[in-house]
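In what follows, a structure is listed as structure tokens, so that the remarks can point back to it.
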Amino acid sequence: MKFARVGAALGAAAIFAAACSSTPSGSGGGGGGGTAIKVGIELPMTGGEAPNGVPTANGVALALSQITVPGFTITVNQQDDAVNGKHDANQGAKNMTTLANDSQVMFVVGPYNSSVAQAEIPVSNAAGLMQCSPANTGVVLTKGDAAKALRKTNPDKIAYVRVATTDDNQGAGTADIAYNTVGAKTAYVLDDTQTYGKGLADGFTDAFTKFGGKVLKRDGVPDSTTDFTSYVTTAKGLTPDIVMYGGVTTSGLGLFRKQMAQAGLANIPFVGGDGVNDGSAATASSFLNIAGPDGDANTYSTVAAIHDIPNPDKFGADYKAKFNSDPGSYSAPAYACTQVFLQALKDVGSGVTDLAQLREKIRAYVADPTKKYDTVLGNFGFDENGDTTQHTISYYQYDSASKDWKFSKQRDFTADPVK
Amino acid sequence: MTTAVQEPSRTARISIDRRWNTPIGVAIALVVAYLLLVIAAGPQAQDQFINALTIGGVYALIALGYTMVYGIIELINFSHGEIFMVGSFVCWWLLTTLGFSGAITDPLVLIPVLVLTFVVSMAVMGVVGVVIERLAYRPLRNAPRLAPLITAIGVSFILQNLVFVGISNSIVTIPQIIPNPELHIGPINIRLINLFVIVLAVSLMFALQMFISRTKLGRAMRSTAIDREAAQIMGVNVNSTIALTFFIGSALAGAAGVVQGLYFGVTVFNIGFQNGLKAFTAAVLGGIGNITGAAIGGFVIGFIEVLASAFGYGRWSEAAVFATLVLVLVFRPTGILGQQLADRA
């Protein structure tokens, strides 16, 4: 009796929890001609992540609507790794399993966040399903022993590539902004204790020191924090020339900047990576939106991808025509990921009807470092780790007239490395 | 023989009235905290002290609801953090509906608006608390303790999801209507909003203490907490007393929600989870069921967090909070002040 009642309550709670955490998954049916296959999209789509995931997924949709491969009908299997409005590594791994179990999925575009990729790479590696991230920048995903541990099922079969460059470069970009654009000699460096944020802040610290700057203090803030006042007070005491914060808006970076402004410290410049480059002040839940007009002043950010793409006007216009908005920072990279897949499909797919065989052929093609791709981002390939050969970081600065990030310049760290 | 000799000397050694133990302990703790902050933050010690008092006040206001409910029906009301969250959304709704977008500089407008915001938010959340008690907890009052506990978690999910689906699934901005000048009171530099939050939190706690210790209804609450059946026999309406407890606890969480809105200027549907957890920790730290203990626990957590950050170990702040909890419970299993209201068998 006692147990029955408790059991009923538990059961009800479990059903409720399950109902709450179910994620939408759309999948299109096969079309008219050719073999029906799918591209998986694995991005955070809801809540505070919408400014990140939606424009990126649109990039895939745009590519699929413009480029066709004869003999194949391609639809999308869309997955969302946001749980309660915030990217979630466990959900990402579950989504990747779902995609791997869908035999029609030949290729996956995503994820957006490095911590999610960390959970997904073992899954895609074991399944031999090639995934291409438009936005991951965490160094540990592809390089060193940590990366080898992620792909331990099939150590020699790369199943993860990315078109965004890594955080050693992006961190150097933020340091370049701090030291050379802002003219800062001293910095207070924070991170959100996540894979991406910590890696980026490490990259900054490294390069900023090489430039000749001094990091006054380095700390981490748990990513669920809303009260940043004690860190703001620390900044007040240190009087750094710049504050660098490695992390994303959903970890509270906008709040941090808002509280800086509230304490009268908006005159201290702020630099972050692509985690804060998530739309204009009018975009709900974006960094600029949360930090507010006072906090937005003197802020800088980067994007780990090329800004001056070969044909920016055409891409922007096509995107606007289809989605009635401007592309996001990672729309073009997502388009490029899709182009990589379509080129592989075109070159190795003809006549292959066995889906498992086709999946492996595409994986092997994309993992091949000798292949080059002519994409919306320009011409590039992937090295033996799966990293793009394009090492360009774009620099942005807040523009008070448009209330948005304004591109200032880009730097190619292959041609022009930090010495 | 031996005992007869020892007895008077032990009494004689306690020279201070026991009533003063807590205030003296608090004063000593504050001095120690300040000295630690001086070591950690140097010239910024005063600012950090104010930061800790402010966030500690928010935690304390939420912790009071946990401890009151536990004191009276021994339920750990896990939905309490969500009451705080909904309270911040009531603040958001009211201020945006009234058309405010920034600081109100005219005190003749500001004060009535502030009073209205607090009254509405506290009243709404109080009623929500009573409704939750009536629908979700009262039917289970005599059920095994696990059942209402899990129901409380369920209620928490319901409130979170209602806001997620119905209002916003991401961060919303709340107009910060209190102007933000830095005041210089003697040697103390404090921003108006911090002063407001600290004074408000302490006044509400003081008022609650007075209510419980001095009024008839407060006495009914205390007697219900000590022995529900006996209180009933003595003519206390137990149901309405428990409802009143939920009303007051939830109203205080509603006030904390407004403070959240005015101080930080943002809220989000899942903000209740983390803050609720910290406040619950505060209640346990202070001695669950003990009102003064909950207030002290809230401030203790505020100070631990700020100290961790001031020493440059911010990434360990949450670990520090829970390590302190473990340490306190190892040496004082009933918390800093001990369980007071619920020390019945």
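Within each chain, counting starts at residue 1; across the structure tokens, chains are named A, B, ... in the order shown, with ligands numbered 1 upward in that order.
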
Mind listing as a ChimeraX atom specification which residues of chain A are within 6 Å of chain B, counting only C-alpha atoms?
-> /A:6,13,47-48,219-222,230,285

Using N, CA and C atoms, can you export the residues from the last selection as a CSV table (one decimal), in the first residue's frame?
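The resulting out_32.csv:
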```csv
chain,number,residue,atom,x,y,z
A,6,VAL,N,3.7,5.5,-3.2
A,6,VAL,CA,4.9,6.2,-3.6
A,6,VAL,C,5.3,5.9,-5.0
A,13,ALA,N,5.7,11.3,-11.8
A,13,ALA,CA,6.8,12.3,-12.0
A,13,ALA,C,7.7,11.9,-13.2
A,47,GLY,N,15.0,28.3,-27.1
A,47,GLY,CA,15.3,29.1,-25.9
A,47,GLY,C,16.4,30.1,-26.2
A,48,GLY,N,17.3,30.3,-25.3
A,48,GLY,CA,18.4,31.3,-25.4
A,48,GLY,C,19.4,30.9,-26.5
A,219,ASP,N,40.4,33.8,-13.6
A,219,ASP,CA,39.5,33.0,-12.8
A,219,ASP,C,38.4,32.4,-13.6
A,220,GLY,N,37.6,31.5,-13.1
A,220,GLY,CA,36.5,30.9,-13.7
A,220,GLY,C,35.2,31.2,-13.0
A,221,VAL,N,34.1,31.3,-13.7
A,221,VAL,CA,32.8,31.5,-13.0
A,221,VAL,C,31.9,30.4,-13.4
A,222,PRO,N,31.3,29.6,-12.4
A,222,PRO,CA,30.4,28.5,-12.7
A,222,PRO,C,29.3,29.0,-13.7
A,230,SER,N,30.7,40.2,-7.5
A,230,SER,CA,32.0,40.0,-6.9
A,230,SER,C,33.1,40.0,-7.9
A,285,SER,N,17.6,37.8,-26.1
A,285,SER,CA,18.6,36.9,-25.5
A,285,SER,C,20.0,36.9,-26.1
```

Tell me which protein, DNA and RNA residues are within 10 Å of Tyr335 in chain A, counting only C-alpha atoms, leaving out same-chain ones fewer than 2 positions away, and put them as a PDB file with N, CA and C atoms, in the first residue's frame.
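To be explicit, this is the file written out as selection03.pdb:
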```pdb
ATOM      1  N   THR A  56      21.977  29.033 -38.313  1.00  0.00           N
ATOM      2  CA  THR A  56      22.934  28.025 -38.755  1.00  0.00           C
ATOM      3  C   THR A  56      22.211  26.915 -39.520  1.00  0.00           C
ATOM      4  N   ALA A  57      21.101  26.439 -38.958  1.00  0.00           N
ATOM      5  CA  ALA A  57      20.300  25.420 -39.648  1.00  0.00           C
ATOM      6  C   ALA A  57      19.778  25.957 -40.974  1.00  0.00           C
ATOM      7  N   ASN A  58      19.456  27.247 -41.009  1.00  0.00           N
ATOM      8  CA  ASN A  58      18.999  27.856 -42.256  1.00  0.00           C
ATOM      9  C   ASN A  58      20.064  27.764 -43.349  1.00  0.00           C
ATOM     10  N   GLY A  59      21.327  27.863 -42.936  1.00  0.00           N
ATOM     11  CA  GLY A  59      22.416  27.753 -43.903  1.00  0.00           C
ATOM     12  C   GLY A  59      22.380  26.407 -44.618  1.00  0.00           C
ATOM     13  N   VAL A  60      22.078  25.349 -43.863  1.00  0.00           N
ATOM     14  CA  VAL A  60      21.982  24.016 -44.462  1.00  0.00           C
ATOM     15  C   VAL A  60      20.802  23.964 -45.429  1.00  0.00           C
ATOM     16  N   ALA A  61      19.669  24.480 -44.963  1.00  0.00           N
ATOM     17  CA  ALA A  61      18.458  24.448 -45.791  1.00  0.00           C
ATOM     18  C   ALA A  61      18.673  25.208 -47.099  1.00  0.00           C
ATOM     19  N   LEU A  62      19.386  26.334 -47.004  1.00  0.00           N
ATOM     20  CA  LEU A  62      19.633  27.139 -48.207  1.00  0.00           C
ATOM     21  C   LEU A  62      20.487  26.351 -49.208  1.00  0.00           C
ATOM     22  N   ALA A  63      21.536  25.701 -48.706  1.00  0.00           N
ATOM     23  CA  ALA A  63      22.410  24.923 -49.593  1.00  0.00           C
ATOM     24  C   ALA A  63      21.629  23.798 -50.266  1.00  0.00           C
ATOM     25  N   LEU A  64      20.800  23.108 -49.485  1.00  0.00           N
ATOM     26  CA  LEU A  64      20.045  21.980 -50.047  1.00  0.00           C
ATOM     27  C   LEU A  64      19.036  22.447 -51.088  1.00  0.00           C
ATOM     28  N   VAL A 109      25.356  17.838 -40.015  1.00  0.00           N
ATOM     29  CA  VAL A 109      25.890  19.175 -39.808  1.00  0.00           C
ATOM     30  C   VAL A 109      25.629  19.554 -38.353  1.00  0.00           C
ATOM     31  N   PRO A 134      29.895  23.497 -38.080  1.00  0.00           N
ATOM     32  CA  PRO A 134      30.140  24.817 -38.648  1.00  0.00           C
ATOM     33  C   PRO A 134      30.779  25.761 -37.636  1.00  0.00           C
ATOM     34  N   PHE A 315      25.381  35.632 -51.311  1.00  0.00           N
ATOM     35  CA  PHE A 315      24.958  34.771 -50.212  1.00  0.00           C
ATOM     36  C   PHE A 315      23.942  35.489 -49.330  1.00  0.00           C
ATOM     37  N   TYR A 330      27.248  31.973 -38.327  1.00  0.00           N
ATOM     38  CA  TYR A 330      27.629  30.646 -38.782  1.00  0.00           C
ATOM     39  C   TYR A 330      26.678  30.081 -39.838  1.00  0.00           C
ATOM     40  N   SER A 331      25.933  30.960 -40.531  1.00  0.00           N
ATOM     41  CA  SER A 331      25.083  30.494 -41.621  1.00  0.00           C
ATOM     42  C   SER A 331      25.935  30.029 -42.796  1.00  0.00           C
ATOM     43  N   ALA A 332      26.915  30.858 -43.183  1.00  0.00           N
ATOM     44  CA  ALA A 332      27.770  30.498 -44.320  1.00  0.00           C
ATOM     45  C   ALA A 332      28.608  29.254 -44.022  1.00  0.00           C
ATOM     46  N   PRO A 333      29.206  29.130 -42.813  1.00  0.00           N
ATOM     47  CA  PRO A 333      29.918  27.886 -42.512  1.00  0.00           C
ATOM     48  C   PRO A 333      29.014  26.643 -42.598  1.00  0.00           C
ATOM     49  N   CYS A 337      29.581  23.411 -44.923  1.00  0.00           N
ATOM     50  CA  CYS A 337      29.538  22.011 -44.482  1.00  0.00           C
ATOM     51  C   CYS A 337      28.662  21.190 -45.434  1.00  0.00           C
ATOM     52  N   THR A 338      27.521  21.770 -45.789  1.00  0.00           N
ATOM     53  CA  THR A 338      26.602  21.063 -46.676  1.00  0.00           C
ATOM     54  C   THR A 338      27.237  20.883 -48.053  1.00  0.00           C
ATOM     55  N   GLN A 339      27.980  21.897 -48.501  1.00  0.00           N
ATOM     56  CA  GLN A 339      28.671  21.784 -49.790  1.00  0.00           C
ATOM     57  C   GLN A 339      29.708  20.668 -49.773  1.00  0.00           C
ATOM     58  N   VAL A 340      30.391  20.527 -48.637  1.00  0.00           N
ATOM     59  CA  VAL A 340      31.379  19.446 -48.494  1.00  0.00           C
ATOM     60  C   VAL A 340      30.686  18.111 -48.716  1.00  0.00           C
ATOM     61  N   THR A 375      33.962  26.245 -51.797  1.00  0.00           N
ATOM     62  CA  THR A 375      32.697  26.516 -51.102  1.00  0.00           C
ATOM     63  C   THR A 375      32.420  27.997 -51.008  1.00  0.00           C
ATOM     64  N   VAL A 376      31.316  28.281 -50.371  1.00  0.00           N
ATOM     65  CA  VAL A 376      30.920  29.667 -50.148  1.00  0.00           C
ATOM     66  C   VAL A 376      31.966  30.400 -49.294  1.00  0.00           C
ATOM     67  N   LEU A 377      32.752  29.656 -48.488  1.00  0.00           N
ATOM     68  CA  LEU A 377      33.804  30.273 -47.666  1.00  0.00           C
ATOM     69  C   LEU A 377      35.115  30.419 -48.435  1.00  0.00           C
TER      70      LEU A 377
END
```

DSSP strand (DSSP E or B) residues within range 98-331 of chain B, listed as a list in words |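 Residues of range 98-331 of chain B classed as strand (DSSP E or B): Val172, Thr173, Glu182, Leu183, His184, Ile185, Ile188, Asn189, Ile190, Arg191, Val266 and Thr267 of chain B.
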
Determine, counting only C-alpha atoms, which protein, DNA and RNA residues have an atom within 9 Å of an atom of range 203-218 of chain B; residues of the same chain fewer than 4 positions away are not included. Present the result as JSON, numbers by chain.
-> {"B": [60, 61, 64, 198, 199, 222, 223, 241, 244, 248, 252, 291, 292, 295]}

Need to verify the contact set: range 233-244 of chain A, 9 Å, only C-alpha atoms, exclusion of same-chain residues closer than 2 positions in sequence. Can you return it as a compact mmCIF listing (two decimals) with C-alpha atoms, in the first residue's frame?
```txt
# COMPACT_ATOMS: atom_id res chain seq x y z
CA THR A 174 40.80 38.15 -29.18
CA ALA A 175 44.31 38.89 -27.85
CA ALA A 178 42.96 43.53 -26.98
CA VAL A 182 42.36 48.48 -28.05
CA GLY A 183 45.98 49.01 -27.00
CA ALA A 184 45.52 47.10 -23.74
CA LYS A 185 48.61 46.10 -21.79
CA THR A 186 46.87 44.43 -18.86
CA ALA A 187 43.88 42.08 -18.78
CA TYR A 188 41.52 40.39 -16.34
CA VAL A 189 40.63 36.99 -17.82
CA LEU A 190 37.55 34.94 -16.93
CA ASP A 191 36.00 31.79 -18.36
CA ALA A 201 40.52 32.04 -22.43
CA PHE A 204 43.85 34.47 -25.21
CA VAL A 215 47.26 38.91 -17.40
CA LEU A 216 46.55 40.39 -13.97
CA LYS A 217 44.19 37.68 -12.80
CA PHE A 228 28.65 38.51 -11.06
CA THR A 229 29.03 41.50 -8.73
CA SER A 230 32.00 40.05 -6.87
CA TYR A 231 33.88 39.55 -10.15
CA GLY A 246 35.74 33.12 -22.59
CA MET A 260 29.93 45.91 -15.07
CA ALA A 263 28.97 49.38 -11.30
CA LEU A 265 32.85 50.17 -15.27
CA ILE A 268 36.76 49.17 -19.33
CA PRO A 269 36.66 47.45 -22.74
CA PHE A 270 35.35 43.89 -22.99
CA VAL A 271 36.38 41.26 -25.49
CA GLY A 272 34.83 37.83 -26.04
CA GLY A 273 34.84 35.20 -28.73
CA ALA B 41 40.32 41.98 -1.87
CA GLY B 42 42.33 44.70 -0.13
CA PRO B 43 40.79 48.09 -0.89
CA GLN B 44 37.77 46.42 -2.48
CA ASP B 47 32.49 46.60 -1.98
CA GLN B 48 32.76 42.84 -1.68
CA ASN B 51 27.99 42.36 -2.60
CA SER B 309 35.59 34.88 -5.98
CA ALA B 310 37.58 37.54 -4.11
CA GLY B 312 40.44 34.24 -7.16
```

Hey, what does DSSP flag as alpha helix (DSSP H) within range 125-336 of chain B? Can you give it to me as number ranges by chain?
-> B: 125-132, 146-166, 192-214, 216-226, 228-233, 238-264, 271-286, 291-310, 317-331

Of the listed residues B:Met234, B:Ala253, B:Leu108, B:Ala320, that which approaches Thr67 in chain B most closely, counting only C-alpha atoms =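 Using only C-alpha atoms, the shortest distance to Thr67 in chain B belongs to B:Ala253.
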
Could you check which of A:Gly128, A:Gly378, A:Asp313, A:Asn385 is closest to Lys148 in chain A, using only C-alpha atoms?
-> A:Asn385

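Checking A:Gln118, A:Ser286, A:Asn113, A:Gln343 one by one against Leu253 in chain A, counting only C-alpha atoms, you find the shortest gap at A:Ser286.
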
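The space separating CA of Ala159 in chain A from CA of Gly247 in chain A comes to 26.1 Å.
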
To one decimal in Å, tell me the separation between CA of Ile188 in chain B and CA of Pro175 in chain B.
->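 Separating CA of Ile188 in chain B from CA of Pro175 in chain B is a distance of 27.1 Å.
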
Would you list the contacts of Tyr160 in chain A as JSON, numbers by chain, taking every protein, DNA or RNA residue within 7 Å and counting only C-alpha atoms, but skipping same-chain residues closer than 5 positions in sequence?
-> {"A": [121, 130, 131, 132, 386]}
